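Structure below is input-v4.cif: mmCIF, C-alpha atoms and all ligand atoms.
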data_protein
#
loop_
_atom_site.group_PDB
_atom_site.id
_atom_site.type_symbol
_atom_site.label_atom_id
_atom_site.label_comp_id
_atom_site.auth_asym_id
_atom_site.auth_seq_id
_atom_site.Cartn_x
_atom_site.Cartn_y
_atom_site.Cartn_z
ATOM 1 C CA MET G 918 91.908 67.206 81.035
ATOM 2 C CA THR G 919 94.416 69.106 83.147
ATOM 3 C CA ARG G 920 94.314 72.880 82.781
ATOM 4 C CA LEU G 921 97.403 74.441 84.313
ATOM 5 C CA LEU G 922 97.719 78.191 84.678
ATOM 6 C CA GLU G 923 101.232 79.408 85.383
ATOM 7 C CA VAL G 924 101.537 82.091 88.048
ATOM 8 C CA PRO G 925 104.036 84.744 86.919
ATOM 9 C CA THR G 926 106.842 85.151 89.446
ATOM 10 C CA ASP G 927 105.810 88.725 90.251
ATOM 11 C CA LYS G 928 102.253 87.515 91.026
ATOM 12 C CA VAL G 929 103.278 84.978 93.675
ATOM 13 C CA PRO G 930 102.072 86.708 96.859
ATOM 14 C CA ALA G 931 104.358 87.304 99.798
ATOM 15 C CA PRO G 932 103.146 86.145 103.237
ATOM 16 C CA GLY G 933 100.117 88.193 104.280
ATOM 17 C CA SER G 934 99.303 89.370 100.764
ATOM 18 C CA ARG G 935 97.228 88.268 97.785
ATOM 19 C CA SER G 936 97.225 88.587 94.007
ATOM 20 C CA LEU G 937 94.701 88.339 91.213
ATOM 21 C CA ILE G 938 95.475 86.017 88.307
ATOM 22 C CA HIS G 939 93.446 86.482 85.124
ATOM 23 C CA HIS G 940 92.755 83.651 82.697
ATOM 24 C CA GLU G 941 90.494 83.232 79.687
ATOM 25 C CA GLY G 942 87.633 81.933 81.841
ATOM 26 C CA GLY G 943 87.773 84.416 84.724
ATOM 27 C CA CYS G 944 90.027 85.271 87.669
ATOM 28 C CA VAL G 945 91.653 83.393 90.518
ATOM 29 C CA VAL G 946 92.682 84.985 93.808
ATOM 30 C CA LEU G 947 95.893 83.642 95.245
ATOM 31 C CA PHE G 948 96.397 84.141 98.996
ATOM 32 C CA ASN G 949 99.511 83.677 101.056
ATOM 33 C CA GLN G 950 98.262 83.141 104.581
ATOM 34 C CA ASP G 951 101.088 82.571 107.054
ATOM 35 C CA GLY G 952 103.249 81.101 104.295
ATOM 36 C CA ALA G 953 100.580 78.730 102.941
ATOM 37 C CA LEU G 954 99.201 79.392 99.459
ATOM 38 C CA TYR G 955 95.478 79.105 98.646
ATOM 39 C CA ALA G 956 93.775 79.610 95.281
ATOM 40 C CA LEU G 957 90.072 80.475 95.000
ATOM 41 C CA ASP G 958 87.859 81.538 92.145
ATOM 42 C CA ASP G 959 87.440 85.296 92.450
ATOM 43 C CA ALA G 960 83.664 85.145 91.903
ATOM 44 C CA CYS G 961 81.665 84.692 95.103
ATOM 45 C CA PRO G 962 79.262 81.755 94.671
ATOM 46 C CA HIS G 963 76.430 83.760 96.252
ATOM 47 C CA ASN G 964 76.099 86.580 93.757
ATOM 48 C CA GLY G 965 79.403 86.878 91.925
ATOM 49 C CA ALA G 966 81.125 89.678 93.866
ATOM 50 C CA SER G 967 84.913 89.763 93.658
ATOM 51 C CA LEU G 968 86.483 88.006 96.629
ATOM 52 C CA PHE G 969 89.825 89.719 96.002
ATOM 53 C CA CYS G 970 88.961 92.593 98.353
ATOM 54 C CA GLY G 971 87.453 90.380 101.029
ATOM 55 C CA ARG G 972 88.600 90.776 104.616
ATOM 56 C CA LEU G 973 90.665 87.936 106.059
ATOM 57 C CA GLN G 974 90.373 86.735 109.628
ATOM 58 C CA GLY G 975 92.799 83.884 109.989
ATOM 59 C CA ARG G 976 91.860 81.467 107.239
ATOM 60 C CA LEU G 977 88.337 82.843 106.829
ATOM 61 C CA LEU G 978 87.672 85.207 103.945
ATOM 62 C CA GLN G 979 84.648 87.489 104.208
ATOM 63 C CA CYS G 980 82.920 88.456 100.970
ATOM 64 C CA PRO G 981 82.755 92.280 100.724
ATOM 65 C CA ALA G 982 79.221 92.206 99.272
ATOM 66 C CA HIS G 983 77.043 90.360 101.789
ATOM 67 C CA GLY G 984 79.470 89.063 104.355
ATOM 68 C CA LEU G 985 79.501 85.303 103.820
ATOM 69 C CA ARG G 986 82.725 83.830 105.137
ATOM 70 C CA PHE G 987 84.679 81.153 103.287
ATOM 71 C CA ASP G 988 87.437 78.864 104.492
ATOM 72 C CA LEU G 989 90.414 79.481 102.211
ATOM 73 C CA ALA G 990 91.375 75.807 102.231
ATOM 74 C CA SER G 991 88.020 74.165 101.509
ATOM 75 C CA GLY G 992 86.028 77.066 100.070
ATOM 76 C CA ARG G 993 83.213 76.105 102.438
ATOM 77 C CA VAL G 994 81.129 78.350 104.617
ATOM 78 C CA PRO G 995 81.700 76.854 108.084
ATOM 79 C CA GLY G 996 78.572 75.078 109.275
ATOM 80 C CA VAL G 997 76.988 74.978 105.809
ATOM 81 C CA THR G 998 77.067 71.951 103.516
ATOM 82 C CA GLY G 999 76.758 71.924 99.757
ATOM 83 C CA PHE G 1000 77.734 75.547 99.202
ATOM 84 C CA GLY G 1001 81.076 77.233 98.901
ATOM 85 C CA ALA G 1002 83.675 79.034 96.843
ATOM 86 C CA THR G 1003 85.590 77.108 94.218
ATOM 87 C CA THR G 1004 89.119 76.250 95.296
ATOM 88 C CA TYR G 1005 91.942 75.136 93.036
ATOM 89 C CA ALA G 1006 94.902 72.853 93.591
ATOM 90 C CA LEU G 1007 98.374 74.351 93.313
ATOM 91 C CA GLU G 1008 101.424 72.628 91.922
ATOM 92 C CA GLU G 1009 105.065 73.545 91.950
ATOM 93 C CA ARG G 1010 107.140 72.228 89.085
ATOM 94 C CA GLN G 1011 110.808 72.995 88.753
ATOM 95 C CA GLY G 1012 110.482 76.148 90.814
ATOM 96 C CA ARG G 1013 107.452 77.415 88.875
ATOM 97 C CA LEU G 1014 103.993 77.714 90.429
ATOM 98 C CA PHE G 1015 100.852 76.555 88.627
ATOM 99 C CA ILE G 1016 97.145 76.741 89.426
ATOM 100 C CA ASP G 1017 95.338 73.587 88.326
ATOM 101 C CA LEU G 1018 92.002 74.871 87.025
ATOM 102 C CA SER G 1019 90.771 71.303 86.512
ATOM 103 C CA ARG G 1020 91.206 70.200 90.118
ATOM 104 C CA ARG G 1021 89.996 71.474 93.475
ATOM 105 C CA ARG G 1022 92.291 71.756 96.435
ATOM 106 C CA ALA G 1023 92.250 68.609 98.572
ATOM 107 C CA GLU G 1024 89.449 68.804 101.121
ATOM 108 C CA GLU G 1025 90.350 70.426 104.379
ATOM 109 C CA CYS G 1026 88.045 72.331 106.645
ATOM 110 C CA LEU G 1027 88.016 74.465 109.736
ATOM 111 C CA PRO G 1028 86.100 72.856 112.601
HETATM 112 S S1 LIG A 1101 78.039 88.118 96.677
HETATM 113 FE FE1 LIG A 1101 79.316 87.270 98.210
HETATM 114 S S2 LIG A 1101 78.060 87.041 99.935
HETATM 115 FE FE2 LIG A 1101 76.738 87.846 98.402
#
Please go through the file and, once you have read it, give me the structure as structure tokens.
Ligand code: FES
Amino acid sequence: MTRLLEVPTDKVPAPGSRSLIHHEGGCVVLFNQDGALYALDDACPHNGASLFCGRLQGRLLQCPAHGLRFDLASGRVPGVTGFGATTYALEERQGRLFIDLSRRRAEECLP
């Protein structure tokens, strides 16, 4: 079943910024990296720290708790298989932005 979460207009991040979107099951961090939008679950898969305050280096997000780095597009830790942050697909419909909580972003990974 599709679970769409609408992003309020004032929560759509400008290039180089991020926003936190709350929903009944948790929080999603929305990043605008060089004009591309990425949605990740805010809870780090290692120990649950908030990824919202993580440091970005290009498309790699570093968890503020223990330093694991996640690719914004795939959620993966480069060089590690079977472990990563949860990503979500984004959809634009009639000028409105939605996070699809039932679907991960299409696979894409840094080398
Ligand atoms: S909680 Fe994120 S790396 Fe440990």
task: Report as JSON, numbers by chain the residues that result from applying the PyMOL selection byres (((chain G and resi 1021) around 9) and not hetatm) to the structure here.
output: {"G": [991, 1003, 1004, 1005, 1006, 1007, 1017, 1018, 1019, 1020, 1022, 1023, 1024]}
Excluding Arg1013 of chain G and its own-chain neighbours fewer than 5 positions away, which residues fall within 10 Å of it when counting all atoms listed in the file? Please give them as a CSV table (one decimal) with C-alpha atoms, in the frame of the given file.
chain,number,residue,atom,x,y,z
G,923,GLU,CA,101.2,79.4,85.4
G,924,VAL,CA,101.5,82.1,88.0
G,925,PRO,CA,104.0,84.7,86.9
G,926,THR,CA,106.8,85.2,89.4
G,929,VAL,CA,103.3,85.0,93.7
G,1008,GLU,CA,101.4,72.6,91.9
Just say which residues the PyMOL selection byres (((chain G and resi 953-970) around 6) and not hetatm) picks in this file, as an mmCIF file with C-alpha atoms, keeping the file's coordinate frame.
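Result saved to expr24.cif:
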data_model
loop_
_atom_site.group_PDB
_atom_site.id
_atom_site.type_symbol
_atom_site.label_atom_id
_atom_site.label_comp_id
_atom_site.auth_asym_id
_atom_site.auth_seq_id
_atom_site.Cartn_x
_atom_site.Cartn_y
_atom_site.Cartn_z
ATOM 1 C CA CYS G 944 90.027 85.271 87.669
ATOM 2 C CA VAL G 945 91.653 83.393 90.518
ATOM 3 C CA VAL G 946 92.682 84.985 93.808
ATOM 4 C CA LEU G 947 95.893 83.642 95.245
ATOM 5 C CA PHE G 948 96.397 84.141 98.996
ATOM 6 C CA ASN G 949 99.511 83.677 101.056
ATOM 7 C CA GLN G 950 98.262 83.141 104.581
ATOM 8 C CA ASP G 951 101.088 82.571 107.054
ATOM 9 C CA GLY G 952 103.249 81.101 104.295
ATOM 10 C CA GLY G 971 87.453 90.380 101.029
ATOM 11 C CA CYS G 980 82.920 88.456 100.970
ATOM 12 C CA ALA G 1002 83.675 79.034 96.843
ATOM 13 C CA THR G 1003 85.590 77.108 94.218
ATOM 14 C CA THR G 1004 89.119 76.250 95.296
ATOM 15 C CA TYR G 1005 91.942 75.136 93.036
#
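Atom CA of Arg920 of chain G sits 27.5 Å away from atom CA of Arg986 of chain G.
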query: What is the atom CA of Glu1009 of chain G to atom CA of Asp988 of chain G distance in Å?
result: 22.3 Å
Box along x, y and z, 6 Å on every side, all listed atoms of segment 975-985 of chain G inside: centre and edge lengths in Å to one decimal, as AutoDock Vina command-line options.
--center_x 84.9 --center_y 86.9 --center_z 104.6 --size_x 27.8 --size_y 22.8 --size_z 22.7
- request: Find the distance between atom FE1 of ligand LIG 1101 (chain A) and atom CA of His983 of chain G and write it in Å to one decimal.
  value: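 Taking atom FE1 of ligand LIG 1101 (chain A) as the start and atom CA of His983 of chain G as the end point, the length is 5.2 Å.
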message: Using all atoms listed in the file for the distances, tell me which of G:Ala982, G:Leu1014, G:Leu989, G:Val994 is nearest to ligand LIG 1101 (chain A).
response: G:Ala982
- request: I would like the residues chosen by the PyMOL selection byres (((chain G and resi 977) around 6) and not hetatm) on the shown file; could you give them as an NGL selection string?
  value: :G and (973-976 or 978 or 986-988)
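If you measure from each of G:Ala990, G:Ala931, G:Val997, G:Leu922 to Arg1010 of chain G using only C-alpha atoms, the closest one turns out to be G:Leu922.
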Which residue of G:Leu985, G:Gly992, G:Gly1012, G:Glu941 approaches ligand LIG 1101 (chain A) most closely, using only C-alpha atoms and all ligand atoms: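 Of the candidates, the smallest distance to ligand LIG 1101 (chain A) is held by G:Leu985.
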